[in-house]
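Raw contents of structure_34.csv, CSV, C-alpha atoms:
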chain,number,residue,atom,x,y,z
K,1,MET,CA,53.6,-127.0,66.6
K,2,THR,CA,56.0,-129.8,65.8
K,3,ASP,CA,53.8,-132.9,65.9
K,4,ALA,CA,53.3,-134.8,62.6
K,5,LEU,CA,50.0,-134.2,60.8
K,6,LEU,CA,50.6,-136.3,57.7
K,7,THR,CA,53.0,-139.2,57.2
K,8,VAL,CA,53.5,-141.3,54.0
K,9,GLU,CA,55.5,-144.4,54.7
K,10,GLY,CA,56.9,-146.6,51.9
K,11,LEU,CA,54.1,-146.0,49.5
K,12,SER,CA,54.3,-148.1,46.4
K,13,LEU,CA,51.6,-148.1,43.8
K,14,GLY,CA,51.0,-148.2,40.0
K,15,PHE,CA,48.6,-148.8,37.2
K,16,ARG,CA,47.9,-151.5,34.8
K,17,GLY,CA,48.2,-150.5,31.1
K,18,ASP,CA,48.8,-151.8,27.7
K,19,GLY,CA,52.5,-151.9,28.4
K,20,GLY,CA,52.1,-153.9,31.6
K,21,PHE,CA,52.3,-152.6,35.2
K,22,ALA,CA,53.7,-149.0,35.6
K,23,HIS,CA,55.5,-148.6,38.9
K,24,ILE,CA,54.7,-145.0,39.5
K,25,LEU,CA,55.6,-144.6,43.2
K,26,ASP,CA,58.3,-146.8,44.7
K,27,GLY,CA,58.5,-146.7,48.5
K,28,ALA,CA,57.7,-143.0,48.7
K,29,ASN,CA,58.1,-141.3,52.1
K,30,MET,CA,57.1,-137.9,53.4
K,31,THR,CA,56.2,-136.2,56.6
K,32,MET,CA,54.4,-132.9,57.3
K,33,LYS,CA,53.9,-131.0,60.5
K,34,ARG,CA,51.0,-128.8,61.5
K,35,GLY,CA,51.2,-125.3,60.1
K,36,GLU,CA,54.1,-126.2,57.8
K,37,ILE,CA,54.5,-125.3,54.2
K,38,MET,CA,56.3,-128.1,52.4
K,39,GLY,CA,57.4,-128.0,48.8
K,40,LEU,CA,57.3,-131.2,46.8
K,41,VAL,CA,59.6,-130.7,43.9
K,42,GLY,CA,61.1,-132.6,40.9
K,43,GLU,CA,61.0,-132.7,37.2
K,44,SER,CA,57.8,-133.6,35.2
K,45,GLY,CA,56.8,-137.3,35.7
K,46,CYS,CA,58.5,-137.7,39.1
K,47,GLY,CA,55.3,-138.6,40.8
K,48,LYS,CA,54.4,-135.4,42.7
K,49,THR,CA,50.8,-135.2,41.5
K,50,THR,CA,50.3,-139.0,41.9
K,51,LEU,CA,51.4,-138.7,45.5
K,52,ALA,CA,49.1,-135.8,46.2
K,53,SER,CA,46.2,-137.6,44.5
K,54,ALA,CA,46.9,-140.7,46.6
K,55,ILE,CA,46.6,-138.6,49.8
K,56,LEU,CA,43.3,-137.1,48.5
K,57,GLY,CA,42.0,-140.6,47.5
K,58,VAL,CA,41.1,-139.5,44.0
K,59,LEU,CA,43.2,-142.0,41.9
K,60,PRO,CA,41.2,-144.2,39.5
K,61,ARG,CA,40.4,-147.3,41.5
K,62,HIS,CA,39.7,-149.5,38.5
K,63,ALA,CA,43.4,-149.5,37.4
K,64,LEU,CA,45.1,-148.6,40.6
K,65,GLU,CA,47.2,-151.2,42.5
K,66,ILE,CA,48.7,-150.4,45.9
K,67,ARG,CA,51.6,-152.7,46.6
K,68,GLY,CA,52.7,-151.4,50.0
K,69,GLY,CA,53.0,-148.6,52.4
K,70,ARG,CA,50.5,-146.4,54.2
K,71,ILE,CA,49.2,-142.9,54.5
K,72,ARG,CA,48.3,-141.6,57.9
K,73,PHE,CA,46.6,-138.3,58.5
K,74,ASP,CA,46.3,-137.3,62.2
K,75,GLY,CA,46.1,-141.0,63.2
K,76,ILE,CA,43.7,-142.1,60.4
K,77,ASP,CA,44.9,-144.7,58.0
K,78,MET,CA,43.8,-143.3,54.6
K,79,LEU,CA,44.3,-146.6,52.8
K,80,ASP,CA,42.4,-148.8,55.3
K,81,ALA,CA,38.9,-149.6,53.9
K,82,ALA,CA,37.7,-150.3,57.4
K,83,GLN,CA,38.2,-146.6,58.2
K,84,GLY,CA,36.1,-145.3,55.3
K,85,ALA,CA,33.8,-143.1,57.5
K,86,GLN,CA,36.8,-141.3,59.0
K,87,GLN,CA,38.4,-140.9,55.6
K,88,GLN,CA,35.2,-139.4,54.2
K,89,ALA,CA,35.2,-136.9,57.1
K,90,VAL,CA,38.8,-135.9,56.2
K,91,ARG,CA,38.7,-135.6,52.4
K,92,GLY,CA,37.3,-132.2,51.3
K,93,ARG,CA,37.0,-131.0,54.9
K,94,ARG,CA,40.3,-131.5,56.8
K,95,VAL,CA,42.3,-131.9,53.6
K,96,THR,CA,41.4,-129.7,50.7
K,97,PHE,CA,42.8,-129.1,47.2
K,98,ILE,CA,43.9,-126.1,45.0
K,99,PRO,CA,44.1,-127.3,41.4
K,100,GLN,CA,46.7,-126.3,38.8
K,101,ASP,CA,44.0,-125.0,36.4
K,102,PRO,CA,41.1,-123.3,38.2
K,103,PHE,CA,39.2,-122.7,35.0
K,104,THR,CA,38.6,-126.4,34.3
K,105,SER,CA,37.8,-127.0,38.0
K,106,LEU,CA,34.8,-124.7,37.9
K,107,ASN,CA,31.5,-125.6,36.1
K,108,PRO,CA,30.9,-123.1,33.3
K,109,VAL,CA,27.1,-123.4,33.4
K,110,PHE,CA,26.7,-122.4,37.1
K,111,THR,CA,27.5,-119.1,38.7
K,112,ILE,CA,30.4,-118.8,41.1
K,113,GLY,CA,27.9,-118.3,44.0
K,114,GLN,CA,26.0,-121.5,43.2
K,115,GLN,CA,29.1,-123.6,43.1
K,116,ILE,CA,30.5,-122.2,46.4
K,117,GLU,CA,27.1,-122.7,48.1
K,118,GLU,CA,27.0,-126.3,46.9
K,119,LEU,CA,30.5,-126.8,48.4
K,120,MET,CA,29.4,-125.4,51.7
K,121,LYS,CA,26.2,-127.5,51.7
K,122,TRP,CA,28.4,-130.7,52.0
K,123,LYS,CA,31.7,-129.6,53.4
K,124,SER,CA,30.9,-126.7,55.7
K,125,PRO,CA,32.5,-127.1,59.2
K,126,ARG,CA,29.0,-126.4,60.5
K,127,ARG,CA,27.5,-129.4,58.8
K,128,PRO,CA,27.2,-132.4,61.3
K,129,VAL,CA,29.5,-135.2,60.5
K,130,GLY,CA,27.5,-138.4,59.8
K,131,PRO,CA,27.2,-141.2,57.3
K,132,SER,CA,28.1,-140.2,53.7
K,133,ARG,CA,25.1,-139.7,51.4
K,134,ALA,CA,25.1,-138.9,47.8
K,135,PRO,CA,23.9,-135.3,47.3
K,136,THR,CA,20.4,-134.8,45.8
K,137,LEU,CA,18.1,-131.8,45.2
K,138,LEU,CA,15.9,-132.9,48.1
K,139,THR,CA,18.7,-133.0,50.7
K,140,PRO,CA,17.9,-130.3,53.2
K,141,TYR,CA,20.1,-127.3,53.8
K,142,PRO,CA,18.9,-125.7,57.0
K,143,ARG,CA,18.2,-121.9,56.8
K,144,ALA,CA,20.3,-121.0,59.9
K,145,ARG,CA,23.3,-122.9,58.6
K,146,ARG,CA,22.9,-121.5,55.1
K,147,LYS,CA,23.0,-118.0,56.5
K,148,ALA,CA,26.0,-118.7,58.6
K,149,ASP,CA,27.8,-120.3,55.7
K,150,ARG,CA,26.9,-117.3,53.5
K,151,GLU,CA,28.5,-114.9,56.0
K,152,LYS,CA,31.6,-117.1,56.1
K,153,ILE,CA,31.8,-117.1,52.3
K,154,MET,CA,31.7,-113.3,52.2
K,155,GLU,CA,34.4,-113.1,54.9
K,156,MET,CA,36.7,-115.5,53.0
K,157,LEU,CA,36.3,-113.7,49.7
K,158,ASN,CA,37.4,-110.5,51.4
K,159,LEU,CA,40.3,-112.4,53.1
K,160,VAL,CA,41.7,-113.5,49.7
K,161,GLN,CA,41.4,-109.9,48.5
K,162,LEU,CA,38.6,-110.3,45.9
K,163,PRO,CA,36.8,-107.0,45.3
K,164,ARG,CA,33.0,-106.6,45.4
K,165,PRO,CA,32.3,-110.2,46.5
K,166,GLU,CA,28.5,-109.8,46.2
K,167,GLN,CA,28.8,-109.0,42.5
K,168,LEU,CA,31.4,-111.7,42.0
K,169,LEU,CA,29.1,-114.4,43.2
K,170,LYS,CA,26.6,-113.6,40.5
K,171,LYS,CA,29.2,-114.1,37.7
K,172,TYR,CA,30.1,-117.1,35.7
K,173,PRO,CA,33.7,-118.5,35.8
K,174,HIS,CA,34.6,-117.1,32.3
K,175,GLU,CA,33.7,-113.6,33.5
K,176,VAL,CA,36.6,-113.3,35.9
K,177,SER,CA,40.3,-113.2,35.4
K,178,GLY,CA,42.8,-116.1,35.9
K,179,GLY,CA,44.1,-114.5,39.1
K,180,GLN,CA,40.6,-114.0,40.5
K,181,ARG,CA,39.7,-117.7,39.7
K,182,GLN,CA,42.8,-118.9,41.5
K,183,ARG,CA,41.9,-116.7,44.5
K,184,LEU,CA,38.4,-118.3,44.4
K,185,MET,CA,40.0,-121.8,44.5
K,186,ILE,CA,42.1,-120.7,47.5
K,187,ALA,CA,38.9,-119.4,49.3
K,188,MET,CA,37.0,-122.6,48.5
K,189,ALA,CA,39.9,-124.6,49.9
K,190,LEU,CA,39.9,-122.6,53.1
K,191,LEU,CA,36.1,-122.5,53.7
K,192,PRO,CA,35.9,-126.0,55.2
K,193,GLU,CA,38.6,-124.8,57.7
K,194,PRO,CA,41.1,-127.6,56.8
K,195,ASP,CA,44.2,-128.7,58.6
K,196,LEU,CA,46.0,-129.3,55.3
K,197,ILE,CA,45.8,-127.8,51.8
K,198,ILE,CA,47.4,-129.5,48.8
K,199,ALA,CA,48.2,-127.0,46.2
K,200,ASP,CA,49.1,-128.5,42.8
K,201,GLU,CA,51.2,-126.0,40.8
K,202,PRO,CA,48.8,-123.2,41.9
K,203,THR,CA,50.6,-120.4,40.0
K,204,THR,CA,51.5,-122.1,36.7
K,205,ALA,CA,49.0,-120.2,34.5
K,206,LEU,CA,49.5,-116.8,36.1
K,207,ASP,CA,51.8,-113.9,35.3
K,208,VAL,CA,54.7,-113.2,37.7
K,209,THR,CA,52.9,-110.3,39.5
K,210,ILE,CA,49.9,-112.4,40.3
K,211,GLN,CA,52.2,-115.3,41.2
K,212,ALA,CA,53.8,-113.3,43.8
K,213,GLN,CA,50.5,-112.2,45.2
K,214,ILE,CA,49.1,-115.8,45.4
K,215,LEU,CA,52.3,-117.1,47.0
K,216,GLY,CA,52.2,-114.3,49.6
K,217,LEU,CA,48.6,-115.0,50.3
K,218,LEU,CA,49.3,-118.7,50.9
K,219,ARG,CA,52.2,-117.8,53.2
K,220,ASN,CA,50.1,-115.4,55.2
K,221,LEU,CA,47.2,-117.8,55.6
K,222,ALA,CA,49.6,-120.5,56.8
K,223,ASN,CA,51.1,-118.2,59.4
K,224,ASP,CA,47.8,-116.7,60.5
K,225,ARG,CA,45.6,-119.8,60.6
K,226,GLY,CA,48.1,-122.6,61.2
K,227,VAL,CA,47.1,-124.4,58.0
K,228,ALA,CA,49.7,-126.8,56.6
K,229,VAL,CA,50.3,-126.5,52.9
K,230,MET,CA,51.8,-129.0,50.5
K,231,LEU,CA,53.0,-127.1,47.4
K,232,THR,CA,53.8,-129.3,44.4
K,233,THR,CA,55.9,-127.2,42.0
K,234,HIS,CA,58.6,-127.1,39.3
K,235,ASP,CA,59.4,-123.6,40.3
K,236,LEU,CA,62.2,-123.7,42.9
K,237,GLY,CA,62.1,-119.9,43.2
K,238,SER,CA,58.5,-120.2,44.4
K,239,ALA,CA,59.5,-122.9,46.8
K,240,TYR,CA,62.3,-120.8,48.2
K,241,GLU,CA,60.0,-117.9,48.8
K,242,ILE,CA,57.3,-119.5,50.9
K,243,CYS,CA,58.3,-123.1,51.9
K,244,ASP,CA,59.7,-124.2,55.3
K,245,ARG,CA,60.9,-127.5,54.0
K,246,ILE,CA,61.5,-129.2,50.6
K,247,THR,CA,61.0,-132.8,49.6
K,248,VAL,CA,62.6,-133.9,46.4
K,249,MET,CA,61.2,-136.7,44.2
K,250,TYR,CA,62.8,-138.5,41.3
K,251,ALA,CA,60.9,-141.2,39.2
K,252,GLY,CA,58.6,-142.0,42.1
K,253,GLN,CA,61.2,-142.1,44.9
K,254,ASP,CA,61.9,-139.5,47.6
K,255,VAL,CA,65.6,-138.8,47.5
K,256,GLU,CA,66.1,-135.8,49.8
K,257,ALA,CA,64.1,-133.8,52.4
K,258,ALA,CA,65.6,-130.7,54.1
K,259,PRO,CA,64.7,-127.3,55.6
K,260,VAL,CA,64.6,-124.8,52.8
K,261,ALA,CA,67.9,-123.0,53.7
K,262,GLU,CA,69.7,-126.2,54.1
K,263,PHE,CA,68.3,-127.5,50.8
K,264,PHE,CA,69.5,-124.5,48.7
K,265,ASN,CA,72.9,-124.1,50.5
K,266,ARG,CA,73.9,-127.7,51.0
K,267,PRO,CA,72.2,-130.2,48.7
K,268,THR,CA,73.5,-133.7,49.4
K,269,HIS,CA,71.8,-136.0,46.8
K,270,PRO,CA,73.5,-135.9,43.3
K,271,TYR,CA,70.0,-135.4,41.7
K,272,THR,CA,69.3,-132.4,44.0
K,273,ALA,CA,72.6,-130.8,43.1
K,274,LYS,CA,72.0,-131.3,39.4
K,275,LEU,CA,68.4,-130.0,39.7
K,276,LEU,CA,69.7,-126.8,41.4
K,277,ALA,CA,72.5,-126.5,38.8
K,278,SER,CA,69.9,-126.5,36.0
K,279,LEU,CA,68.4,-123.2,37.2
K,280,PRO,CA,69.3,-120.2,35.0
K,281,GLU,CA,72.0,-118.0,36.5
K,282,GLY,CA,72.3,-114.2,36.3
K,283,GLY,CA,74.6,-114.5,33.3
K,284,GLY,CA,72.2,-116.7,31.5
K,285,GLY,CA,74.1,-120.0,31.9
K,286,MET,CA,72.6,-123.2,33.2
K,287,THR,CA,73.4,-126.9,33.1
K,288,GLY,CA,71.0,-129.6,32.0
K,289,ILE,CA,70.8,-133.2,33.4
K,290,PRO,CA,71.9,-135.7,30.7
K,291,GLY,CA,69.7,-138.7,30.1
K,292,GLU,CA,66.0,-139.3,30.6
K,293,LEU,CA,63.7,-140.6,33.3
K,294,PRO,CA,63.7,-144.4,33.4
K,295,SER,CA,60.7,-146.3,32.2
K,296,PHE,CA,58.0,-146.9,34.8
K,297,TYR,CA,57.3,-150.2,33.2
K,298,ALA,CA,60.9,-151.5,33.7
K,299,PRO,CA,62.6,-149.2,36.2
K,300,PRO,CA,66.1,-150.0,37.4
K,301,PRO,CA,66.5,-151.8,40.7
K,302,GLY,CA,67.5,-149.7,43.7
K,303,CYS,CA,68.0,-146.0,43.2
K,304,ARG,CA,66.3,-144.9,40.0
K,305,PHE,CA,68.7,-142.0,39.4
K,306,GLN,CA,71.6,-144.4,38.9
K,307,THR,CA,71.2,-144.4,35.1
K,308,ARG,CA,72.0,-140.6,35.1
K,309,CYS,CA,74.3,-140.3,38.0
K,310,ASP,CA,78.1,-140.0,37.6
K,311,ARG,CA,78.6,-141.3,41.2
K,312,ALA,CA,76.6,-144.6,40.8
K,313,THR,CA,78.1,-147.9,41.8
K,314,GLU,CA,76.9,-151.5,42.4
K,315,ALA,CA,75.7,-150.3,45.8
K,316,CYS,CA,73.1,-148.2,44.0
K,317,ARG,CA,71.3,-151.3,42.8
K,318,THR,CA,69.7,-151.5,46.3
K,319,ARG,CA,67.5,-148.6,47.5
K,320,PRO,CA,69.6,-146.8,50.1
K,321,ALA,CA,68.3,-146.4,53.7
K,322,PRO,CA,67.6,-142.8,54.8
K,323,ASP,CA,70.8,-141.1,56.1
K,324,LEU,CA,71.0,-137.9,58.1
K,325,ALA,CA,73.0,-135.1,56.5
K,326,GLY,CA,72.1,-132.7,59.3
K,327,PRO,CA,69.3,-131.9,61.7
K,328,ALA,CA,66.0,-132.6,59.9
K,329,HIS,CA,68.0,-133.2,56.7
K,330,VAL,CA,67.4,-136.7,55.2
K,331,VAL,CA,69.0,-138.1,52.1
K,332,ARG,CA,68.7,-141.5,50.4
K,333,CYS,CA,71.9,-142.1,48.5
K,334,ALA,CA,74.7,-144.7,48.7
K,335,HIS,CA,77.2,-141.9,47.8
K,336,PRO,CA,75.9,-138.6,49.0
K,337,LEU,CA,77.9,-135.4,48.2
K,338,PHE,CA,79.1,-135.1,51.8
K,339,GLN,CA,80.8,-138.5,51.4
K,340,THR,CA,84.5,-138.1,50.7
K,341,THR,CA,85.3,-141.8,49.7
K,342,PRO,CA,85.7,-141.9,45.9
K,343,ALA,CA,83.2,-144.1,44.1
K,344,THR,CA,83.8,-146.5,41.1
K,345,PRO,CA,81.2,-145.8,38.5
K,346,LEU,CA,79.0,-148.5,37.1
K,347,LYS,CA,80.0,-149.9,33.7
K,348,GLU,CA,76.6,-149.0,32.3
K,349,VAL,CA,77.1,-145.4,33.4
K,350,GLN,CA,80.6,-145.3,32.0
K,351,ALA,CA,79.3,-146.5,28.7
What do you get writing this file as structure tokens?
Amino acid sequence: MTDALLTVEGLSLGFRGDGGFAHILDGANMTMKRGEIMGLVGESGCGKTTLASAILGVLPRHALEIRGGRIRFDGIDMLDAAQGAQQQAVRGRRVTFIPQDPFTSLNPVFTIGQQIEELMKWKSPRRPVGPSRAPTLLTPYPRARRKADREKIMEMLNLVQLPRPEQLLKKYPHEVSGGQRQRLMIAMALLPEPDLIIADEPTTALDVTIQAQILGLLRNLANDRGVAVMLTTHDLGSAYEICDRITVMYAGQDVEAAPVAEFFNRPTHPYTAKLLASLPEGGGGMTGIPGELPSFYAPPPGCRFQTRCDRATEACRTRPAPDLAGPAHVVRCAHPLFQTTPATPLKEVQA
């Protein structure tokens, strides 16, 4: 399956705040195929979660300002208000979400079974798609569909390797472990039978043994069910283990996208190379990246990495067009690492 499921083209957005307008995403681009696991990586504050939230349509509308670009999911424009009904049918059904912290995503005063049943009442693939209505206590939940949904819940809890699901559904979120809560979130993300799952740092709060189990579970589900997974992560080791392709973001810009083997063996953007060099080695050595992320209120023109890049020149003051470093390997850099022509550094960088 090679056809594009999700495309993000030139997405620029930000928020109004006390300091002015924060330019969070600057012409961000990304493509995902059906059944693909794509890792979205970069240091804290690079825009990974904002991009994922924009796709889900959960950014705060009162402060959000979209200045350009578009998001298309299977032919549906996710930013076009005229396609609101189609977007509603996509979010929570065809596109689902696994949060970073499953504990805060579950309501502590309702049992796990009550919360999963409420999800299925509104997002079950067996529920007829129609005009969106706010849920109420009086909204009908037909008995036949409730029974079918219950059987599907039990099947899914077994699939994600949760023991004794009948007893588990009667418990409250605080009565189960962190690993079990994360498996619950994976099951809830799968129950609507989505085409795409967005997983935001799904293993951050877990120990390494449980991390390996969760990553293996996501990999198997993608292989067996053809579900595409967008994995936002700081952990390049996790990305290496399960991803088919990696997209690197820096300060709201996409800088490189490559198949996973090509990404680790032949990084071409200076930021990607420095990011990989910052990983601890067997002997304990690692190299940091000097400098700091630029201010989102007054970012530099062009490539935002120029203030920390030892290859930056005047050409970097204009955002580079995408360049092919190999088959399916795209880089946005005026002076990529495969370029042999020496570059004269900017005076600001020399200083």
- Item | Atomic distance CA of Gln253 in chain K - CA of Gly226 in chain K, expressed in Å with one decimal |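 Between these atoms lies a distance of 28.6 Å.
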- Could you check how far CA of Arg304 in chain K sits from CA of Ala257 in chain K, in Å to one decimal? 16.8 Å
- Message: Need to verify the contact set: range 56-58 of chain K, 12 Å, all atoms listed in the file, exclusion of same-chain residues closer than 6 positions in sequence. Can you return it as a PyMOL selection string?
- Response: chain K and resi 6+49-50+64+66+71-73+77-81+84+87-98+196-200+230
- Using all atoms listed in the file, the best pick from K:Thr104, K:Thr247, K:Thr232, K:Ser44 as closest to His174 in chain K would be K:Thr104
- Message: Applying 12 Å and all atoms listed in the file, which residues near Thr7 in chain K remain after dropping the ones on its own chain fewer than 2 positions away? List them as a list in words.
- Response: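 Answer for this query is Asp3, Ala4, Leu5, Glu9, Gly10, Leu11, Ala28, Asn29, Met30, Thr31, Met32, Lys33, Arg34, Leu51, Ile55, Gly69, Arg70, Ile71, Arg72, Phe73, Asp74, Gly75, Ile76, Asp77 and Met78 of chain K.
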Preceding selection exported with C-alpha atoms as an mmCIF file, in the frame of the given file:
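That gives us again-v1.cif:
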data_model
loop_
_atom_site.group_PDB
_atom_site.id
_atom_site.type_symbol
_atom_site.label_atom_id
_atom_site.label_comp_id
_atom_site.auth_asym_id
_atom_site.auth_seq_id
_atom_site.Cartn_x
_atom_site.Cartn_y
_atom_site.Cartn_z
ATOM 1 C CA ASP K 3 53.800 -132.900 65.900
ATOM 2 C CA ALA K 4 53.300 -134.800 62.600
ATOM 3 C CA LEU K 5 50.000 -134.200 60.800
ATOM 4 C CA GLU K 9 55.500 -144.400 54.700
ATOM 5 C CA GLY K 10 56.900 -146.600 51.900
ATOM 6 C CA LEU K 11 54.100 -146.000 49.500
ATOM 7 C CA ALA K 28 57.700 -143.000 48.700
ATOM 8 C CA ASN K 29 58.100 -141.300 52.100
ATOM 9 C CA MET K 30 57.100 -137.900 53.400
ATOM 10 C CA THR K 31 56.200 -136.200 56.600
ATOM 11 C CA MET K 32 54.400 -132.900 57.300
ATOM 12 C CA LYS K 33 53.900 -131.000 60.500
ATOM 13 C CA ARG K 34 51.000 -128.800 61.500
ATOM 14 C CA LEU K 51 51.400 -138.700 45.500
ATOM 15 C CA ILE K 55 46.600 -138.600 49.800
ATOM 16 C CA GLY K 69 53.000 -148.600 52.400
ATOM 17 C CA ARG K 70 50.500 -146.400 54.200
ATOM 18 C CA ILE K 71 49.200 -142.900 54.500
ATOM 19 C CA ARG K 72 48.300 -141.600 57.900
ATOM 20 C CA PHE K 73 46.600 -138.300 58.500
ATOM 21 C CA ASP K 74 46.300 -137.300 62.200
ATOM 22 C CA GLY K 75 46.100 -141.000 63.200
ATOM 23 C CA ILE K 76 43.700 -142.100 60.400
ATOM 24 C CA ASP K 77 44.900 -144.700 58.000
ATOM 25 C CA MET K 78 43.800 -143.300 54.600
#
- Query: In terms of the shortest atom-to-atom distance over only C-alpha atoms, which of K:Pro194, K:Pro299, K:Gly68, K:Pro259 is closest to Ile242 in chain K?
  - Reply: K:Pro259
- Message: Calculated over all atoms listed in the file, which of the candidates K:Leu106, K:Val229, K:Val176, K:Val255 has the smallest distance to Cys243 in chain K?
- Response: K:Val229
- Contacts of Arg126 in chain K at 12 Å (only C-alpha atoms; same-chain gap of 4+ positions) as number ranges by chain: K: 93, 120-122, 141-142, 144-150, 152, 191-193
- Query: Please, what distance in Å, to one decimal, runs between CA of Arg143 in chain K and CA of Arg183 in chain K?
  - Reply: 27.2 Å
- Would you mind telling me which residue in K:Ala325, K:Ile210, K:Ile289, K:Cys309 lies nearest to Gly178 in chain K when using only C-alpha atoms?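 The answer is K:Ile210, which sits nearest to Gly178 in chain K.
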- Task: Determine, counting only C-alpha atoms, which protein, DNA and RNA residues have an atom within 12 Å of an atom of Gln167 in chain K; residues of the same chain fewer than 3 positions away are not included. Present the result as a list in words.
- Result: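 The neighbour list is Thr111, Ile112, Gly113, Met154, Leu157, Leu162, Pro163, Arg164, Lys170, Lys171, Tyr172, Glu175 and Val176 of chain K.
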- Message: Can you tell me which residues surround range 237-240 of chain K at a distance of at most 8 Å, considering all atoms listed in the file, apart from same-chain residues fewer than 2 positions away, and format the answer as a ChimeraX atom specification?
- Response: /K:39,215,231,233,235,242-243,246,260
For the residues in that selection, give me C-alpha atoms as a PDB file, in the coordinates of the input.
ATOM      1  CA  GLY K  39      57.400-128.000  48.800  1.00  0.00           C
ATOM      2  CA  LEU K 215      52.300-117.100  47.000  1.00  0.00           C
ATOM      3  CA  LEU K 231      53.000-127.100  47.400  1.00  0.00           C
ATOM      4  CA  THR K 233      55.900-127.200  42.000  1.00  0.00           C
ATOM      5  CA  ASP K 235      59.400-123.600  40.300  1.00  0.00           C
ATOM      6  CA  ILE K 242      57.300-119.500  50.900  1.00  0.00           C
ATOM      7  CA  CYS K 243      58.300-123.100  51.900  1.00  0.00           C
ATOM      8  CA  ILE K 246      61.500-129.200  50.600  1.00  0.00           C
ATOM      9  CA  VAL K 260      64.600-124.800  52.800  1.00  0.00           C
TER      10      VAL K 260
END
- Which residue out of K:Cys303, K:Leu275, K:Val330, K:Ile153 has the minimum interatomic distance to Arg317 in chain K when only C-alpha atoms are used?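 Among the listed residues, the smallest separation from Arg317 in chain K belongs to K:Cys303.
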- Which of these, K:Glu36, K:Phe305, K:Glu118, K:Thr203, has the shortest distance to Asp254 in chain K once you count all atoms listed in the file?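 Of all the options, K:Phe305 lies closest to Asp254 in chain K.
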